[in-house]
Structure formats: C-alpha cells, structure tokens
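Novice: Coordinates in start.txt, compact mmCIF, C-alpha atoms, are listed below.
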```
# COMPACT_ATOMS: atom_id res chain seq x y z
CA MET K 116 -3.23 -70.74 68.85
CA ASN K 117 -0.78 -72.97 70.71
CA LEU K 118 -1.11 -72.53 74.50
CA ASN K 119 2.66 -72.19 74.94
CA LYS K 120 2.88 -69.33 72.44
CA LEU K 121 -0.17 -67.60 73.88
CA ALA K 122 1.12 -67.96 77.45
CA TRP K 123 4.57 -66.66 76.45
CA ARG K 124 3.00 -63.56 74.87
CA ASN K 125 0.73 -63.01 77.87
CA ILE K 126 3.53 -62.91 80.45
CA TRP K 127 5.29 -60.18 78.48
CA ARG K 128 2.27 -57.92 78.32
CA ARG K 129 3.49 -56.32 81.54
CA LYS K 130 7.23 -56.51 81.02
CA ARG K 131 8.15 -54.64 84.19
CA ARG K 132 5.97 -56.84 86.39
CA THR K 133 7.28 -59.99 84.75
CA LEU K 134 10.90 -58.92 85.11
CA ILE K 135 10.43 -57.96 88.77
CA THR K 136 8.88 -61.36 89.50
CA ALA K 137 11.55 -63.20 87.49
CA PHE K 138 14.32 -61.35 89.32
CA SER K 139 12.71 -62.20 92.65
CA ILE K 140 12.87 -65.88 91.65
CA GLY K 141 16.47 -65.37 90.54
CA PHE K 142 17.34 -63.70 93.83
CA GLY K 143 15.73 -66.63 95.62
CA VAL K 144 17.97 -69.00 93.66
CA MET K 145 21.02 -66.99 94.71
CA LEU K 146 19.99 -67.01 98.39
CA ALA K 147 19.21 -70.72 98.30
CA VAL K 148 22.56 -71.49 96.65
CA THR K 149 24.35 -69.35 99.23
CA PHE K 150 22.61 -71.00 102.19
CA THR K 151 22.84 -74.54 100.85
CA GLY K 152 26.33 -74.17 99.38
CA SER K 153 27.76 -72.72 102.59
CA GLY K 154 26.08 -75.52 104.52
CA ASP K 155 27.43 -78.24 102.22
CA TYR K 156 30.94 -76.77 102.49
CA THR K 157 30.86 -76.12 106.23
CA TYR K 158 29.30 -79.45 107.19
CA THR K 159 31.71 -81.40 104.98
CA ASN K 160 34.64 -79.44 106.40
CA MET K 161 33.49 -80.05 109.99
CA ILE K 162 32.88 -83.76 109.40
CA ASP K 163 36.24 -84.25 107.65
CA THR K 164 38.03 -82.31 110.39
CA GLY K 165 36.25 -84.32 113.06
CA ALA K 166 37.24 -87.52 111.26
CA SER K 167 40.91 -86.45 111.26
CA MET K 168 40.79 -85.83 115.02
CA GLY K 169 41.00 -89.53 115.76
CA MET K 170 37.86 -91.54 114.99
CA GLY K 171 37.49 -91.30 111.19
CA HIS K 172 34.28 -91.12 109.14
CA VAL K 173 33.68 -94.75 110.09
CA THR K 174 35.02 -96.26 113.30
CA VAL K 175 35.70 -99.92 114.01
CA GLU K 176 36.00 -100.56 117.74
CA PRO K 177 35.46 -103.31 120.34
CA VAL K 178 31.90 -104.17 121.30
CA GLY K 179 30.69 -101.75 123.96
CA TYR K 180 33.74 -99.49 123.70
CA HIS K 181 31.67 -96.47 122.62
CA LEU K 182 29.50 -96.64 125.74
CA LYS K 183 32.36 -97.43 128.11
CA PRO K 184 35.79 -96.71 126.55
CA THR K 185 38.13 -98.70 128.79
CA LEU K 186 41.47 -100.15 127.71
CA ASP K 187 40.52 -103.70 128.68
CA LYS K 188 38.35 -103.74 125.54
CA ARG K 189 40.38 -104.23 122.37
CA LEU K 190 40.25 -105.42 118.77
CA HIS K 191 42.21 -108.46 117.63
CA GLY K 192 43.80 -109.03 114.22
CA VAL K 193 43.73 -105.30 113.42
CA GLU K 194 46.35 -105.41 110.65
CA MET K 195 44.41 -107.96 108.61
CA LEU K 196 41.16 -106.04 109.15
CA ARG K 197 42.82 -102.79 108.14
CA GLU K 198 44.05 -104.30 104.88
CA LYS K 199 40.54 -105.55 104.08
CA ILE K 200 39.05 -102.12 104.78
CA VAL K 201 41.61 -100.23 102.68
CA ALA K 202 40.75 -102.51 99.74
CA LEU K 203 37.10 -101.39 99.80
CA GLU K 204 36.01 -98.96 97.09
CA GLY K 205 35.54 -95.44 98.45
CA VAL K 206 38.06 -95.76 101.29
CA SER K 207 40.93 -93.29 101.12
CA ASP K 208 42.72 -94.47 104.26
CA ALA K 209 42.40 -96.56 107.43
CA THR K 210 44.64 -96.28 110.48
CA VAL K 211 45.03 -98.45 113.56
CA ARG K 212 45.02 -96.49 116.80
CA ILE K 213 44.76 -96.88 120.55
CA THR K 214 42.81 -94.20 122.39
CA GLY K 215 42.62 -93.75 126.13
CA GLN K 216 42.88 -91.55 129.19
CA ALA K 217 46.16 -90.90 130.98
CA MET K 218 47.85 -88.76 133.58
CA PHE K 219 50.81 -86.80 132.19
CA ALA K 220 53.54 -85.69 134.56
CA SER K 221 56.68 -83.62 134.21
CA ALA K 222 59.29 -82.74 136.80
CA ARG K 223 57.09 -79.82 137.88
CA LYS K 224 53.44 -80.74 137.41
CA SER K 225 50.86 -83.46 136.68
CA VAL K 226 47.89 -82.99 134.34
CA GLY K 227 45.04 -85.31 133.29
CA GLY K 228 44.53 -85.81 129.59
CA ALA K 229 43.98 -88.24 126.74
CA PHE K 230 46.24 -89.95 124.22
CA ILE K 231 46.06 -91.45 120.75
CA ALA K 232 48.68 -94.08 120.02
CA VAL K 233 49.53 -94.12 116.31
CA ASP K 234 51.85 -95.76 113.83
CA PRO K 235 53.86 -92.92 112.19
CA ALA K 236 54.19 -95.00 109.02
CA PHE K 237 50.45 -94.68 108.37
CA GLU K 238 49.77 -91.25 109.83
CA SER K 239 50.01 -88.08 107.74
CA GLU K 240 48.83 -84.49 107.67
CA GLU K 241 45.90 -85.57 105.49
CA ASN K 242 44.41 -88.07 107.95
CA ASN K 243 45.59 -86.63 111.29
CA LEU K 244 44.73 -83.10 112.37
CA LEU K 245 47.22 -83.16 115.24
CA ILE K 246 50.14 -83.92 112.94
CA ARG K 247 48.91 -81.25 110.53
CA SER K 248 48.92 -78.74 113.41
CA ILE K 249 52.50 -79.31 114.64
CA VAL K 250 54.18 -75.92 115.18
CA GLU K 251 57.39 -77.06 116.92
CA GLY K 252 59.49 -80.15 116.32
CA SER K 253 58.05 -83.11 114.43
CA VAL K 254 56.20 -86.37 114.91
CA PHE K 255 58.23 -89.32 116.20
CA SER K 256 59.49 -91.71 113.52
CA ASP K 257 59.79 -94.95 115.55
CA ARG K 258 56.56 -96.80 116.35
CA ALA K 259 58.30 -98.52 119.25
CA GLY K 260 60.23 -95.48 120.47
CA ARG K 261 59.70 -93.13 123.37
CA GLY K 262 58.52 -90.04 121.53
CA ILE K 263 55.45 -87.98 122.35
CA VAL K 264 53.70 -85.09 120.58
CA ILE K 265 51.59 -82.90 122.87
CA GLY K 266 49.30 -79.90 122.60
CA SER K 267 50.71 -76.43 123.20
CA ARG K 268 48.45 -75.75 126.21
CA LEU K 269 49.31 -79.13 127.72
CA ALA K 270 53.01 -78.34 127.21
CA LYS K 271 52.48 -75.02 128.97
CA LYS K 272 50.71 -76.70 131.89
CA LEU K 273 53.48 -79.28 132.23
CA GLN K 274 56.12 -76.59 131.64
CA VAL K 275 57.99 -78.72 129.11
CA LYS K 276 59.65 -78.02 125.76
CA ILE K 277 61.05 -80.10 122.90
CA GLY K 278 63.39 -82.78 124.26
CA LYS K 279 61.98 -82.80 127.77
CA LYS K 280 60.70 -85.96 129.46
CA VAL K 281 57.05 -86.67 130.22
CA VAL K 282 55.72 -89.63 132.24
CA TYR K 283 52.28 -90.93 131.28
CA THR K 284 50.27 -93.17 133.60
CA THR K 285 47.22 -95.21 132.66
CA THR K 286 45.60 -98.61 133.26
CA ASP K 287 46.56 -101.65 131.19
CA ALA K 288 44.47 -104.46 129.72
CA GLU K 289 44.27 -106.16 133.14
CA GLY K 290 43.22 -103.00 134.97
CA GLU K 291 46.64 -102.48 136.54
CA ILE K 292 48.17 -99.01 136.78
CA VAL K 293 51.16 -98.71 134.45
CA SER K 294 53.56 -95.92 133.52
CA ASN K 295 56.09 -95.15 130.84
CA ILE K 296 58.49 -92.36 129.98
CA ALA K 297 58.42 -90.38 126.75
CA ARG K 298 60.40 -87.49 125.36
CA VAL K 299 58.66 -84.56 123.65
CA THR K 300 59.44 -84.54 119.92
CA GLY K 301 56.72 -82.15 118.78
CA ILE K 302 54.13 -79.63 119.94
CA PHE K 303 50.89 -78.93 118.05
CA THR K 304 48.42 -76.05 118.12
CA THR K 305 45.01 -76.70 116.60
CA GLY K 306 43.35 -73.54 117.86
CA GLU K 307 40.82 -75.54 119.90
CA ASN K 308 41.76 -75.01 123.55
CA THR K 309 40.31 -78.29 124.80
CA ILE K 310 42.27 -80.36 122.28
CA ASP K 311 45.49 -78.39 122.81
CA GLY K 312 45.10 -78.73 126.57
CA ILE K 313 44.62 -82.50 126.94
CA MET K 314 45.68 -84.41 123.82
CA ALA K 315 48.92 -86.24 123.07
CA LEU K 316 50.19 -88.61 120.38
CA LEU K 317 52.23 -91.67 121.36
CA PRO K 318 53.97 -94.44 119.34
CA ILE K 319 51.60 -97.40 119.07
CA ALA K 320 54.08 -100.26 119.58
CA SER K 321 55.41 -98.66 122.76
CA VAL K 322 51.88 -98.20 124.10
CA GLN K 323 50.94 -101.78 123.15
CA LYS K 324 53.86 -103.05 125.23
CA THR K 325 52.97 -100.77 128.14
CA LEU K 326 49.32 -101.88 128.12
CA SER K 327 50.18 -105.58 127.70
CA TYR K 328 48.53 -105.63 124.26
CA ALA K 329 49.58 -108.07 121.55
CA PRO K 330 51.20 -106.50 118.44
CA ASP K 331 47.97 -106.97 116.46
CA GLU K 332 45.65 -105.48 119.11
CA ALA K 333 44.26 -101.94 119.29
CA THR K 334 41.10 -100.10 120.35
CA VAL K 335 40.16 -98.29 117.13
CA ILE K 336 40.49 -98.49 113.37
CA ALA K 337 39.70 -95.04 111.98
CA VAL K 338 38.39 -95.24 108.41
CA VAL K 339 38.63 -92.12 106.25
CA ILE K 340 36.44 -92.16 103.14
CA LYS K 341 36.46 -90.03 100.01
CA ASP K 342 32.94 -88.64 100.45
CA GLN K 343 31.46 -88.22 103.92
CA ARG K 344 27.93 -88.52 102.50
CA HIS K 345 28.53 -92.25 102.00
CA ALA K 346 29.42 -92.97 105.63
CA GLU K 347 26.35 -95.13 106.26
CA GLY K 348 26.99 -97.22 103.16
CA MET K 349 30.65 -97.65 104.08
CA ARG K 350 29.68 -98.68 107.62
CA ASP K 351 27.55 -101.47 106.17
CA LYS K 352 30.37 -102.61 103.87
CA VAL K 353 32.87 -102.73 106.73
CA ALA K 354 30.40 -104.46 109.07
CA ALA K 355 29.85 -107.14 106.38
CA LEU K 356 33.53 -108.15 106.48
CA PRO K 357 34.07 -111.47 108.29
CA GLU K 358 37.03 -109.95 110.16
CA ALA K 359 34.72 -107.26 111.65
CA GLU K 360 32.18 -109.76 112.94
CA ALA K 361 33.14 -109.31 116.60
CA ALA K 362 33.39 -105.50 116.46
CA ASP K 363 31.14 -102.48 116.53
CA VAL K 364 31.17 -100.38 113.35
CA LEU K 365 29.96 -96.80 113.79
CA THR K 366 29.57 -93.79 111.54
CA TRP K 367 30.83 -90.35 112.58
CA LYS K 368 27.27 -89.52 113.70
CA GLU K 369 27.47 -92.28 116.31
CA SER K 370 31.09 -91.82 117.35
CA GLN K 371 30.76 -88.01 117.52
CA PRO K 372 27.16 -87.38 118.65
CA ASP K 373 27.88 -83.79 119.76
CA LEU K 374 29.05 -82.88 116.26
CA ALA K 375 26.06 -84.65 114.70
CA ALA K 376 23.68 -82.73 116.98
CA VAL K 377 25.27 -79.38 116.13
CA ILE K 378 25.06 -80.06 112.39
CA ALA K 379 21.45 -81.30 112.64
CA PHE K 380 20.43 -78.17 114.57
CA ASP K 381 22.19 -75.88 112.12
CA LYS K 382 20.64 -77.70 109.16
CA ALA K 383 17.17 -77.25 110.65
CA GLY K 384 17.72 -73.48 110.92
CA ASN K 385 19.05 -73.44 107.36
CA TYR K 386 15.98 -75.28 106.04
CA ILE K 387 13.62 -72.90 107.86
CA SER K 388 15.41 -69.87 106.37
CA GLN K 389 15.18 -71.32 102.88
CA LEU K 390 11.52 -72.22 103.38
CA LEU K 391 10.75 -68.61 104.31
CA VAL K 392 12.60 -67.38 101.22
CA GLY K 393 10.67 -69.86 99.07
CA LEU K 394 7.34 -68.76 100.55
CA LEU K 395 8.15 -65.11 99.88
CA ILE K 396 8.93 -65.95 96.26
CA ALA K 397 5.72 -67.97 95.97
CA VAL K 398 3.69 -65.05 97.35
CA GLY K 399 5.31 -62.75 94.76
CA ILE K 400 4.41 -65.11 91.94
CA LEU K 401 0.88 -65.53 93.32
CA ASN K 402 0.45 -61.75 93.38
CA THR K 403 1.74 -61.37 89.82
CA MET K 404 -0.46 -64.11 88.40
CA LEU K 405 -3.55 -63.03 90.35
CA MET K 406 -3.18 -59.42 89.18
CA SER K 407 -2.79 -60.68 85.63
CA VAL K 408 -5.96 -62.76 85.91
CA LEU K 409 -8.01 -59.95 87.48
CA GLU K 410 -6.93 -57.52 84.78
CA ARG K 411 -8.04 -59.96 82.07
CA THR K 412 -11.46 -60.91 83.45
CA ARG K 413 -13.28 -59.44 80.42
CA GLU K 414 -10.80 -61.13 78.08
CA PHE K 415 -11.43 -64.49 79.72
CA GLY K 416 -15.19 -63.90 79.48
CA VAL K 417 -14.90 -63.34 75.72
CA MET K 418 -12.77 -66.47 75.34
CA MET K 419 -15.32 -68.58 77.20
CA ALA K 420 -18.18 -66.98 75.23
CA VAL K 421 -16.64 -68.15 71.96
CA GLY K 422 -16.24 -71.70 73.23
CA MET K 423 -13.09 -71.95 75.36
CA SER K 424 -13.67 -74.14 78.39
CA PRO K 425 -12.66 -73.25 81.98
CA LYS K 426 -10.32 -76.24 81.84
CA VAL K 427 -8.39 -74.71 78.94
CA LEU K 428 -8.22 -71.34 80.75
CA PHE K 429 -6.84 -73.12 83.80
CA LYS K 430 -4.18 -74.74 81.63
CA LEU K 431 -3.36 -71.38 80.02
CA VAL K 432 -2.69 -69.65 83.33
CA MET K 433 -0.67 -72.64 84.59
CA VAL K 434 1.45 -72.54 81.41
CA GLU K 435 2.02 -68.84 82.07
CA SER K 436 3.21 -69.75 85.59
CA PHE K 437 5.45 -72.38 84.04
CA TRP K 438 7.12 -69.92 81.67
CA LEU K 439 7.43 -67.27 84.37
CA SER K 440 9.20 -69.75 86.64
CA ILE K 441 11.48 -70.89 83.80
CA VAL K 442 12.49 -67.28 83.05
CA GLY K 443 13.11 -66.71 86.77
CA LEU K 444 15.25 -69.84 87.14
CA ILE K 445 17.32 -68.93 84.05
CA LEU K 446 17.91 -65.43 85.46
CA GLY K 447 18.76 -67.04 88.80
CA ILE K 448 21.42 -69.23 87.20
CA ILE K 449 22.86 -66.24 85.34
CA ILE K 450 23.16 -63.98 88.40
CA THR K 451 24.18 -66.78 90.78
CA THR K 452 27.00 -68.29 88.70
CA PRO K 453 29.60 -65.52 89.25
CA TRP K 454 28.63 -65.24 92.93
CA TYR K 455 29.02 -68.99 93.44
CA TYR K 456 32.34 -68.97 91.55
CA PHE K 457 33.63 -66.30 93.95
CA LEU K 458 32.47 -68.17 97.05
CA TYR K 459 33.79 -71.50 95.77
CA ASN K 460 37.27 -70.25 94.88
CA TYR K 461 37.87 -67.33 97.24
CA GLY K 462 35.15 -66.95 99.87
CA ILE K 463 34.78 -64.23 102.46
CA ASP K 464 37.46 -64.19 105.16
CA PHE K 465 36.09 -63.76 108.69
CA SER K 466 39.39 -64.55 110.41
CA GLY K 467 39.61 -60.92 111.54
CA ALA K 468 36.50 -61.47 113.65
CA PHE K 469 37.13 -65.07 114.78
CA GLY K 470 40.91 -65.48 114.54
CA THR K 471 42.76 -67.90 112.26
CA ASP K 472 40.68 -70.83 113.56
CA PHE K 473 37.55 -71.21 115.60
CA SER K 474 35.52 -74.18 116.76
CA TYR K 475 31.89 -75.15 116.61
CA GLY K 476 30.58 -78.20 118.42
CA GLY K 477 34.12 -79.04 119.54
CA VAL K 478 35.40 -79.19 115.95
CA LEU K 479 37.56 -76.62 114.19
CA VAL K 480 35.82 -74.65 111.45
CA ASP K 481 37.40 -72.73 108.58
CA PRO K 482 36.84 -68.99 109.25
CA VAL K 483 36.65 -68.34 105.49
CA PHE K 484 33.01 -68.36 104.36
CA LYS K 485 32.92 -70.55 101.26
CA ALA K 486 30.33 -72.50 99.29
CA ARG K 487 30.42 -75.95 97.79
CA LEU K 488 27.23 -77.22 96.19
CA PHE K 489 26.57 -80.91 95.65
CA LYS K 490 24.70 -81.86 92.47
CA GLU K 491 21.70 -83.17 94.37
CA SER K 492 21.52 -79.91 96.34
CA MET K 493 21.45 -77.87 93.13
CA MET K 494 18.71 -80.06 91.68
CA ALA K 495 16.74 -79.77 94.92
CA ILE K 496 16.96 -75.96 94.84
CA LEU K 497 15.82 -75.64 91.23
CA GLY K 498 13.14 -78.30 91.63
CA THR K 499 11.74 -76.80 94.85
CA LEU K 500 11.58 -73.25 93.49
CA PHE K 501 10.02 -74.52 90.27
CA MET K 502 7.33 -76.43 92.16
CA LEU K 503 6.63 -73.43 94.42
CA ALA K 504 6.21 -71.26 91.32
CA LEU K 505 3.72 -73.72 89.82
CA LEU K 506 1.83 -74.10 93.09
CA ALA K 507 1.57 -70.33 93.37
CA GLY K 508 -0.20 -70.30 89.99
CA LEU K 509 -2.89 -72.79 91.03
CA TYR K 510 -5.26 -70.32 92.67
CA PRO K 511 -5.08 -67.67 89.90
CA ALA K 512 -5.59 -70.45 87.31
CA TRP K 513 -8.59 -71.78 89.23
CA ARG K 514 -9.94 -68.21 89.57
CA ALA K 515 -9.60 -67.62 85.81
CA GLY K 516 -12.17 -70.28 84.96
CA ARG K 517 -14.64 -69.65 87.79
CA VAL K 518 -16.33 -66.40 86.69
CA PRO K 519 -19.40 -67.01 84.42
CA PRO K 520 -19.00 -65.58 80.88
CA VAL K 521 -21.99 -63.23 81.14
CA GLU K 522 -20.70 -61.57 84.33
CA SER K 523 -17.24 -61.38 82.81
CA LEU K 524 -18.56 -59.51 79.80
CA LYS K 525 -20.34 -57.04 82.11
CA THR K 526 -17.04 -56.24 83.85
CA ILE K 527 -15.30 -53.09 82.63
```
For the file at hand, write its structure as structure tokens.
Specialist:
Amino acid sequence: MNLNKLAWRNIWRRKRRTLITAFSIGFGVMLAVTFTGSGDYTYTNMIDTGASMGMGHVTVEPVGYHLKPTLDKRLHGVEMLREKIVALEGVSDATVRITGQAMFASARKSVGGAFIAVDPAFESEENNLLIRSIVEGSVFSDRAGRGIVIGSRLAKKLQVKIGKKVVYTTTDAEGEIVSNIARVTGIFTTGENTIDGIMALLPIASVQKTLSYAPDEATVIAVVIKDQRHAEGMRDKVAALPEAEAADVLTWKESQPDLAAVIAFDKAGNYISQLLVGLLIAVGILNTMLMSVLERTREFGVMMAVGMSPKVLFKLVMVESFWLSIVGLILGIIITTPWYYFLYNYGIDFSGAFGTDFSYGGVLVDPVFKARLFKESMMAILGTLFMLALLAGLYPAWRAGRVPPVESLKTI
C-alpha cells in the first residue's frame, strides 16, 4: 500500500487524539500570528511615526553631525540632492530641514528647547507629525516669514497664545549668538510630553538668514520611504549618489538609536514567547506520535516479520507526522483567518487604559492593538511550525524501527 494512504489512515485511528493535536497546532498558528502580526504593525507604526518626527527613515546629514549636532555643520546644494533622492524608486518624500537647539523667550519667561526649520511647501500631515498634531491655529505659509508653531506644553511654559511673539536665540554658522522674533501661528499636541514641552517649527528661509546659511544649505534631508523594511537598501542608494558624497547617510536605526534599542528588546521577548509556544506544540506532537508508536509495537513487529524494513517504518511514522502537521496548519489557517481579519481592520482599543496616545521609547504608539502580517512573516510562521512538527516525529519514528521483530511479537 502507498505510504501516504497508510499514514493518512493511521492518524485517524484515534480521531480524538488527532483532532486535539491538530487543534493545538492550529492554536499555535493563531498565537504566532497574533504575536508576529501585532509586532509587525506596532514596529512599523513606531518607525513611521519616528520618521515623521523629523529625521525620516533615512537621514542625510553633514559628516559628524550625528555625533556632535552643531549648527556650524551643514549640507550644501540640498535642493539638487533632494530632487535626486525623490527620483529614486521607493521614496515617497524627502524634505530639507534645519534642526538645532534654541532658547525660547516670551515677555514672561524663557525656556530651553529645540527647533526644526521647515519649508511649508514640502511639509504635510503625512510626513510631519507636528503638523498633523496641530490643535490650534495652523502652520505658517511663508518660508521666509516670522511664524512659529510650538508644542502645547512649551506654550504653557512661555504663557503665550496664538498671535503672541516669541524670541528664539541660538548660535549661527560662525558660532555667534543670534536671535530672531517669531509670532505663534499654531500650537500642536502630540501626547508625548517631552516633544510638546520643547519642540517648535520655524520657517526655513528665515532661519537660514538668521544662521547665516546660504539658501541651499541645511542640516538634514529627511527621506521618507514607502516600506520601512527597505531602509538599509535605500541608505545605500542615497549614499551612492554623487551629490551625497560629502555627507553621512543614516538609517532610522542609526539616527534614532533609542527607538532601535526598544524595538530590538521587544522583538527578542516576542521571539522567546513564540519559541516557547512552538516547543509546547512540538511536545504535544511528540506525545501523540510516541503514544501511537507504543500502541502499535505488535503491529510493527508483524510488519517487520513479513519483510518491512526499519527504514520503511521510519518513513511511515514521519509521513504520519507530516500529515498531522498539515491538518494542524490547515485548521490553524481556518481558525486564525477571522481573528486576523478582526485585528487587521478593527483591533482592540486600549485607549481607556492608556489615553488617546501613549509613547514607548520616546515615540508615540497607537493605543489600538492591531495586527499587520508581512508575507515573509506568515511564511516563517507556517514553515517553523511545520518543521517543529516534523522534528517532533523523529524520535517516535526512530523508536518504531528499533524493537526487534521477535520481541515485538511477544508484546501484548
């Protein structure tokens, strides 16, 4: 008889045991999809949010700026370089910015903080979290004007409202202390206290003039790409441009090391949890197959007595493990599909426990628990569980062909 047919019949001799084992595999698929899918969604969301906070998925900056971000370091020919970057396949946007530290002062108080100088023509809610979070007023429209958009906590510290004046003081390209006056046009609230308490947006042309920068000079080109998983490849493409020869090109992992560390730590915990789930499933399969082999010791003895080799018995039990794992994976797909659909489209809202927004590693995280599974993640889940199921069948298969036929026939 064909080994596949014989193995298929054998696994259904004990239907209840087979179904329990298959459902345990299916439950493992559901847990793995939940863990991995939530990780894929959360990490992507955190990375994209971090990218929109100023530095992008890929950052082009002056040499040494990352280690010592001073305003005397600057990029030249930024407009030409930006156009070259935007033309690359996979880039959704690239914006020229100036980032730096400043002292903000109102008529009543002075507060230390940081600024990002932007061109409003190229900034939008999609690529700039601060613009997306404006709750009062609006972003300035003139790149050479005197507008300023500040965080709600910074506005509270300075005791200013829309229309009020703010003086910002910093050091220019020559190391001299310079100041300029701006008028508040908008106030944003991201939900992250640190950002809301120190950050401000300024018009880039006005800041360039204040810092004694040329019109085509800036400190950062923030590159936003369509898929954050391709950040390393995009970094290499940008670094290969002749215009980027005298610049440092970094991925978000290098420009935001705190975020990268948080994600790496969380991923490690996620992998350990999934490994434990996989081991539990493998132990269940091992138990099922071993019980099946022990119950059929006399049967195996008869089969070897009539000429079947231990090698064929080994293959038979391994084929049984194969079909058991296939049934389990099919059940897993069936029971996981509606659960994944719910998590993908609706999710579980934890805003009641964490508020409308909460941060992790200094980056805002969506309080709605959702799942988004990449194709390679799905293939890794199915492949890993399948391999664990086969590995769990190795010992029972080896055991099946180890007992001598005569002793097997004596066993009742």
Novice: Using all atoms listed in the file, which residue out of K:Ala220, K:Ile448, K:Met314, K:Ala397 lies closest to Met145 of chain K?
Specialist: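 Between K:Ala220, K:Ile448, K:Met314, K:Ala397, the residue approaching Met145 of chain K most closely is K:Ile448.
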Novice: So the first atom is atom CA of Gln216 of chain K and the second is atom CA of Met195 of chain K; what is the distance between them in Å, to one decimal place?
Specialist: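 So the answer is 26.4 Å.
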Novice: Could you check which of K:Leu121, K:Ile231, K:Val432, K:Ala515 is closest to Asn243 of chain K, using all atoms listed in the file?
Specialist: K:Ile231
Novice: Mind dumping a table of every segment 326-356 of chain K residue within 12 Å of segment 369-373 of chain K, with the nearest atom pair and its distance in Å to one decimal, using all atoms listed in the file, sorted by chain and rising number, as CSV?
Specialist:
```
residue,atom,partner,partner_atom,distance
K:Val335,CA,K:Ser370,CA,11.1
K:Ala337,CA,K:Ser370,CA,10.6
K:Ala346,CA,K:Glu369,CA,10.9
K:Glu347,CA,K:Glu369,CA,10.5
K:Arg350,CA,K:Glu369,CA,11.0
```
Novice: Could you check how far atom CA of Leu190 of chain K sits from atom CA of Ala375 of chain K, in Å to one decimal?
Specialist: 25.5 Å
Novice: Which distance in Å separates atom CA of Val442 of chain K and atom CA of Ile400 of chain K, to one decimal?
Specialist: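 The value is 12.2 Å.
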Novice: Which residue out of K:Ser139, K:Ser492, K:Asn117, K:Ser239 has the minimum interatomic distance to Thr403 of chain K when only C-alpha atoms are used?
Specialist: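 Checking each candidate against Thr403 of chain K, we get K:Ser139 as the closest.
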Novice: Measuring atom to atom with all atoms listed in the file, identify which of K:Leu506, K:Met168, K:Ile200, K:Ala270 is nearest to Leu401 of chain K.
Specialist: K:Leu506
Novice: So which residues fall inside 12 Å of (55.7, -88.4, 116.4) if we count only C-alpha atoms? Mind giving them as a count of residues only?
Specialist: 43
Novice: Using all atoms listed in the file, which of K:Ile162, K:Val281, K:Val178, K:Ala333 sits nearest Thr214 of chain K?
Specialist: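 Between K:Ile162, K:Val281, K:Val178, K:Ala333, the residue approaching Thr214 of chain K most closely is K:Ala333.
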Novice: Would you list the residues near (18.7, -70.8, 94.9) (no more than 9 Å away, in the coordinates of the file, using all atoms listed in the file) as an MDAnalysis selection string?
Specialist: chainID K and resid 140:151 389 444 447:448 451 493 496:497 500
Novice: Could you give me, as a list in words, the residues within 10 Å of segment 352-361 of chain K, counting only C-alpha atoms and dropping anything in the same chain fewer than 4 positions from it?
Specialist: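 Neighbouring residues, sequence-local ones excluded: Val173, Thr174, Val175, Glu176, Pro177, Val178, Leu190, His191, Gly192, Val193, Met195, Leu196, Arg197, Lys199, Ile200, Val201, Leu203, Glu204, Val338, Ala346, Glu347, Gly348 and Leu365 of chain K.
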Novice: For Tyr455 of chain K, please output as an NGL selection string all residues within 10 Å (counting all atoms listed in the file; exclusion window: fewer than 5 positions along the same chain).
Specialist: :K and (145 or 148-149 or 152-153 or 448 or 450 or 460-462 or 485-488)
